[in-house]
Amino acid sequence: AQKVTQAQTEISVVEKEDVTLDCVYETRDTTYYLFWYKQPPSGELVFLIRRNSFDEQNEISGRYSWNFQKSTSSFNFTITASQVVDSAVYFCALSEHNAGNMLTFGGGTRLMVKP
Amino acid sequence: NAGVTQTPKFQVLKTGQSMTLQCAQDMNHEYMSWYRQDPGMGLRLIHYSVGAGITDQGEVPNGYNVSRSTTEDFPLRLLSAAPSQTSVYFCASSYGGRSYEQYFGPGTRLTVT
């Protein structure tokens, strides 16, 4: 069965600090997909990134970067030089290729960036 | 494009009442799904559909029904509301199912008293 763990329930940083959000997953499938979504205080869910299990290249998009490591079953998300607008709940999610259309979310990490 | 729309935004029900949460998308996506979001538990899949006329259960389907008569619409029915169904409900659609990013609606906050 697939499982996603986001051990950090809440993180508080001061603006301009770097912060890393951890995501650890469990799967028996060799083909799977990993996602990060952002939920700002307004409540909507915004897609950030998708990774498939065969692509271990790290990704950078502006201040955001993702570190995918199959050896440790982790898909961590780093925000460099955090800003107040980064304050949100961030969800990591996993979908196994052989699990029908199930998408399993972690419990989320609430990030608070203080000015 | 309106994307994914949901109505209503807020709803209060009494235990035992039934209601339908509406969801529509205008992106011609085949795959649609319903999630509930409870504090500390992330989002959990209730039901999903891979196309008109095809639906299947997710992780927490009990107490909910769905149907998909058109590509655009995917309503979620609560048959007999219970306080345990108090939650925020999100509808989502995607181009190709589980391996593609989901586009989420704004959510419906439901309270059952």
# chains A, B, ... in the order shown; residues from 1 in each chain; ligands from 1
$ closest_atom_pairs --of "chain B" --to "chain A" --cutoff "9 Å" --atoms "only C-alpha atoms" --output "tab-separated table"
residue	atom	partner	partner_atom	distance
B:Pro39	CA	A:Gly107	CA	8.1
B:Gly40	CA	A:Gly107	CA	5.2
B:Met41	CA	A:Gly107	CA	4.5
B:Gly42	CA	A:Gly107	CA	4.0
B:Leu43	CA	A:Phe105	CA	5.8
B:Arg44	CA	A:Thr104	CA	6.9
B:Leu45	CA	A:Leu103	CA	7.1
B:Tyr48	CA	A:Asn101	CA	7.8
B:Ser49	CA	A:Asn101	CA	8.9
B:Val50	CA	A:Asn101	CA	8.5
B:Gly58	CA	A:Met102	CA	6.7
B:Glu59	CA	A:Met102	CA	7.9
B:Phe90	CA	A:Glu44	CA	8.9
B:Gly97	CA	A:Asn101	CA	6.4
B:Arg98	CA	A:Asn101	CA	5.0
B:Ser99	CA	A:Tyr33	CA	6.0
B:Tyr100	CA	A:Arg50	CA	7.6
B:Glu101	CA	A:Phe47	CA	6.6
B:Gln102	CA	A:Phe47	CA	7.1
B:Tyr103	CA	A:Phe47	CA	7.4
B:Phe104	CA	A:Leu45	CA	6.0
B:Gly105	CA	A:Glu44	CA	7.1
B:Pro106	CA	A:Glu44	CA	5.2
B:Gly107	CA	A:Glu44	CA	7.1
$ residues_around --residues "Pro8 of chain B" --least-positions-apart "5" --cutoff "9 Å" --atoms "only C-alpha atoms" --output "list in words"
Leu21, Gln22, Gly107, Thr108 and Arg109 of chain B
$ select_by_dssp --residues "chain A" --states "helix (DSSP H, G or I)" --output "ChimeraX atom specification"
/A:70-72,84-86
$ write_last_selection --atoms "all heavy atoms" --output "PDB file, in the first residue's frame"
ATOM      1  N   LYS A  70      15.617   8.237  -4.576  1.00  0.00           N
ATOM      2  CA  LYS A  70      14.968   6.930  -4.468  1.00  0.00           C
ATOM      3  C   LYS A  70      15.596   6.091  -3.374  1.00  0.00           C
ATOM      4  O   LYS A  70      14.928   5.282  -2.747  1.00  0.00           O
ATOM      5  CB  LYS A  70      15.051   6.192  -5.805  1.00  0.00           C
ATOM      6  CG  LYS A  70      14.101   6.751  -6.851  1.00  0.00           C
ATOM      7  CD  LYS A  70      14.288   6.101  -8.185  1.00  0.00           C
ATOM      8  CE  LYS A  70      13.649   4.742  -8.256  1.00  0.00           C
ATOM      9  NZ  LYS A  70      13.614   4.241  -9.646  1.00  0.00           N
ATOM     10  N   SER A  71      16.888   6.260  -3.149  1.00  0.00           N
ATOM     11  CA  SER A  71      17.584   5.439  -2.153  1.00  0.00           C
ATOM     12  C   SER A  71      17.021   5.635  -0.754  1.00  0.00           C
ATOM     13  O   SER A  71      17.046   4.725   0.077  1.00  0.00           O
ATOM     14  CB  SER A  71      19.082   5.758  -2.155  1.00  0.00           C
ATOM     15  OG  SER A  71      19.292   7.123  -1.844  1.00  0.00           O
ATOM     16  N   THR A  72      16.497   6.828  -0.491  1.00  0.00           N
ATOM     17  CA  THR A  72      15.918   7.105   0.830  1.00  0.00           C
ATOM     18  C   THR A  72      14.406   7.319   0.750  1.00  0.00           C
ATOM     19  O   THR A  72      13.772   7.693   1.727  1.00  0.00           O
ATOM     20  CB  THR A  72      16.566   8.350   1.456  1.00  0.00           C
ATOM     21  OG1 THR A  72      16.429   9.451   0.539  1.00  0.00           O
ATOM     22  CG2 THR A  72      18.029   8.118   1.761  1.00  0.00           C
ATOM     23  N   VAL A  84       7.009  36.075   2.718  1.00  0.00           N
ATOM     24  CA  VAL A  84       5.730  35.947   3.429  1.00  0.00           C
ATOM     25  C   VAL A  84       4.685  35.256   2.553  1.00  0.00           C
ATOM     26  O   VAL A  84       3.867  34.484   3.038  1.00  0.00           O
ATOM     27  CB  VAL A  84       5.244  37.334   3.907  1.00  0.00           C
ATOM     28  CG1 VAL A  84       3.837  37.244   4.481  1.00  0.00           C
ATOM     29  CG2 VAL A  84       6.209  37.913   4.938  1.00  0.00           C
ATOM     30  N   VAL A  85       4.734  35.509   1.262  1.00  0.00           N
ATOM     31  CA  VAL A  85       3.751  34.904   0.344  1.00  0.00           C
ATOM     32  C   VAL A  85       3.911  33.384   0.231  1.00  0.00           C
ATOM     33  O   VAL A  85       3.044  32.707  -0.318  1.00  0.00           O
ATOM     34  CB  VAL A  85       3.815  35.510  -1.073  1.00  0.00           C
ATOM     35  CG1 VAL A  85       3.377  36.948  -1.044  1.00  0.00           C
ATOM     36  CG2 VAL A  85       5.194  35.350  -1.680  1.00  0.00           C
ATOM     37  N   ASP A  86       5.019  32.854   0.738  1.00  0.00           N
ATOM     38  CA  ASP A  86       5.205  31.402   0.732  1.00  0.00           C
ATOM     39  C   ASP A  86       4.428  30.730   1.866  1.00  0.00           C
ATOM     40  O   ASP A  86       4.354  29.498   1.919  1.00  0.00           O
ATOM     41  CB  ASP A  86       6.690  31.051   0.869  1.00  0.00           C
ATOM     42  CG  ASP A  86       7.519  31.519  -0.314  1.00  0.00           C
ATOM     43  OD1 ASP A  86       6.998  31.511  -1.438  1.00  0.00           O
ATOM     44  OD2 ASP A  86       8.692  31.898  -0.094  1.00  0.00           O
TER      45      ASP A  86
END
$ select_by_dssp --residues "chain A" --states "strand (DSSP E or B)" --output "MDAnalysis selection string"
chainID A and resid 3:5 10:14 19:21 24:26 32:39 46:52 59:61 64:69 74:79 88:96 104:105 109:114
$ residues_around --residues "Val66 of chain B" --least-positions-apart "3" --cutoff "10 Å" --atoms "only C-alpha atoms" --output "ChimeraX atom specification"
/B:20-21,33-34,46-49,54-57,61,69,74-78
$ write_last_selection --atoms "N, CA and C atoms" --output "CSV table (one decimal), in the first residue's frame"
chain,number,residue,atom,x,y,z
B,20,THR,N,-26.5,17.2,-2.6
B,20,THR,CA,-25.6,17.0,-3.6
B,20,THR,C,-24.6,18.1,-3.8
B,21,LEU,N,-23.3,17.8,-3.8
B,21,LEU,CA,-22.3,18.8,-4.1
B,21,LEU,C,-22.0,18.8,-5.6
B,33,SER,N,-12.3,13.6,-9.8
B,33,SER,CA,-12.3,12.9,-8.5
B,33,SER,C,-12.8,13.8,-7.4
B,34,TRP,N,-13.2,13.2,-6.3
B,34,TRP,CA,-13.6,13.9,-5.1
B,34,TRP,C,-12.7,13.6,-4.0
B,46,ILE,N,-12.3,10.1,-2.3
B,46,ILE,CA,-13.7,9.5,-2.0
B,46,ILE,C,-14.1,8.6,-3.2
B,47,HIS,N,-14.3,9.2,-4.3
B,47,HIS,CA,-14.6,8.5,-5.5
B,47,HIS,C,-13.9,9.2,-6.7
B,48,TYR,N,-13.8,8.4,-7.8
B,48,TYR,CA,-13.3,9.0,-9.0
B,48,TYR,C,-13.9,8.5,-10.2
B,49,SER,N,-13.7,9.1,-11.3
B,49,SER,CA,-14.2,8.7,-12.6
B,49,SER,C,-13.2,8.9,-13.7
B,54,ILE,N,-18.3,5.9,-16.1
B,54,ILE,CA,-17.4,5.1,-15.4
B,54,ILE,C,-17.0,5.7,-14.0
B,55,THR,N,-17.3,5.1,-12.9
B,55,THR,CA,-16.9,5.6,-11.6
B,55,THR,C,-16.3,4.5,-10.8
B,56,ASP,N,-15.5,4.8,-9.8
B,56,ASP,CA,-15.0,3.8,-8.9
B,56,ASP,C,-14.7,4.4,-7.5
B,57,GLN,N,-14.6,3.5,-6.6
B,57,GLN,CA,-14.4,4.0,-5.2
B,57,GLN,C,-12.9,4.3,-4.9
B,61,PRO,N,-15.1,5.8,0.6
B,61,PRO,CA,-16.3,6.0,-0.2
B,61,PRO,C,-17.6,5.9,0.6
B,69,SER,N,-22.6,11.4,-15.9
B,69,SER,CA,-23.4,11.2,-17.1
B,69,SER,C,-22.8,12.1,-18.2
B,74,PHE,N,-19.6,16.1,-12.4
B,74,PHE,CA,-19.3,14.9,-11.5
B,74,PHE,C,-19.9,15.3,-10.1
B,75,PRO,N,-21.2,15.1,-9.9
B,75,PRO,CA,-21.7,15.5,-8.6
B,75,PRO,C,-21.5,14.4,-7.5
B,76,LEU,N,-21.4,14.9,-6.3
B,76,LEU,CA,-21.2,14.0,-5.1
B,76,LEU,C,-22.4,14.1,-4.3
B,77,ARG,N,-23.0,12.9,-4.0
B,77,ARG,CA,-24.2,12.9,-3.2
B,77,ARG,C,-23.9,12.3,-1.8
B,78,LEU,N,-24.4,13.1,-0.8
B,78,LEU,CA,-24.4,12.5,0.6
B,78,LEU,C,-25.8,12.0,0.8
$ closest_residue --among "B:Ser67, B:Ser87, B:Asn62, B:Gln37" --to "Cys23 of chain B" --atoms "only C-alpha atoms"
B:Ser67
$ closest_residue --among "A:Ala1, A:Glu15, A:Ser82, A:Phe54" --to "Thr31 of chain A" --atoms "only C-alpha atoms"
A:Phe54
$ atom_distance --atom1 "atom CA of Ala92 of chain B" --atom2 "atom CA of Ser80 of chain B"
23.4 Å
$ residues_around --residues "Ala82 of chain B" --least-positions-apart "3" --cutoff "9 Å" --atoms "only C-alpha atoms" --output "list of chain:residue names"
B:Leu13, B:Lys14, B:Thr15, B:Gly16, B:Gln17, B:Gly63, B:Gln85, B:Thr86, B:Val112, B:Thr113
$ write_last_selection --atoms "C-alpha atoms" --output "PDB file, in the first residue's frame"
ATOM      1  CA  LEU B  13     -26.793  20.179   7.150  1.00  0.00           C
ATOM      2  CA  LYS B  14     -28.605  18.442   9.930  1.00  0.00           C
ATOM      3  CA  THR B  15     -27.835  14.797  10.637  1.00  0.00           C
ATOM      4  CA  GLY B  16     -29.798  12.580   8.296  1.00  0.00           C
ATOM      5  CA  GLN B  17     -30.323  15.149   5.556  1.00  0.00           C
ATOM      6  CA  GLY B  63     -21.794   7.407   2.775  1.00  0.00           C
ATOM      7  CA  GLN B  85     -18.815  13.987   7.182  1.00  0.00           C
ATOM      8  CA  THR B  86     -18.042  17.498   8.364  1.00  0.00           C
ATOM      9  CA  VAL B 112     -23.136  18.509   9.698  1.00  0.00           C
ATOM     10  CA  THR B 113     -24.792  19.209  13.041  1.00  0.00           C
TER      11      THR B 113
END
$ atom_distance --atom1 "atom CA of Gln69 of chain A" --atom2 "atom CA of Glu26 of chain A"
12.5 Å
$ atom_distance --atom1 "atom CA of Met27 of chain B" --atom2 "atom CA of Thr7 of chain B"
17.6 Å
$ closest_residue --among "A:Met112, A:Phe75, A:Arg28, A:Lys3" --to "Glu59 of chain A" --atoms "only C-alpha atoms"
A:Phe75
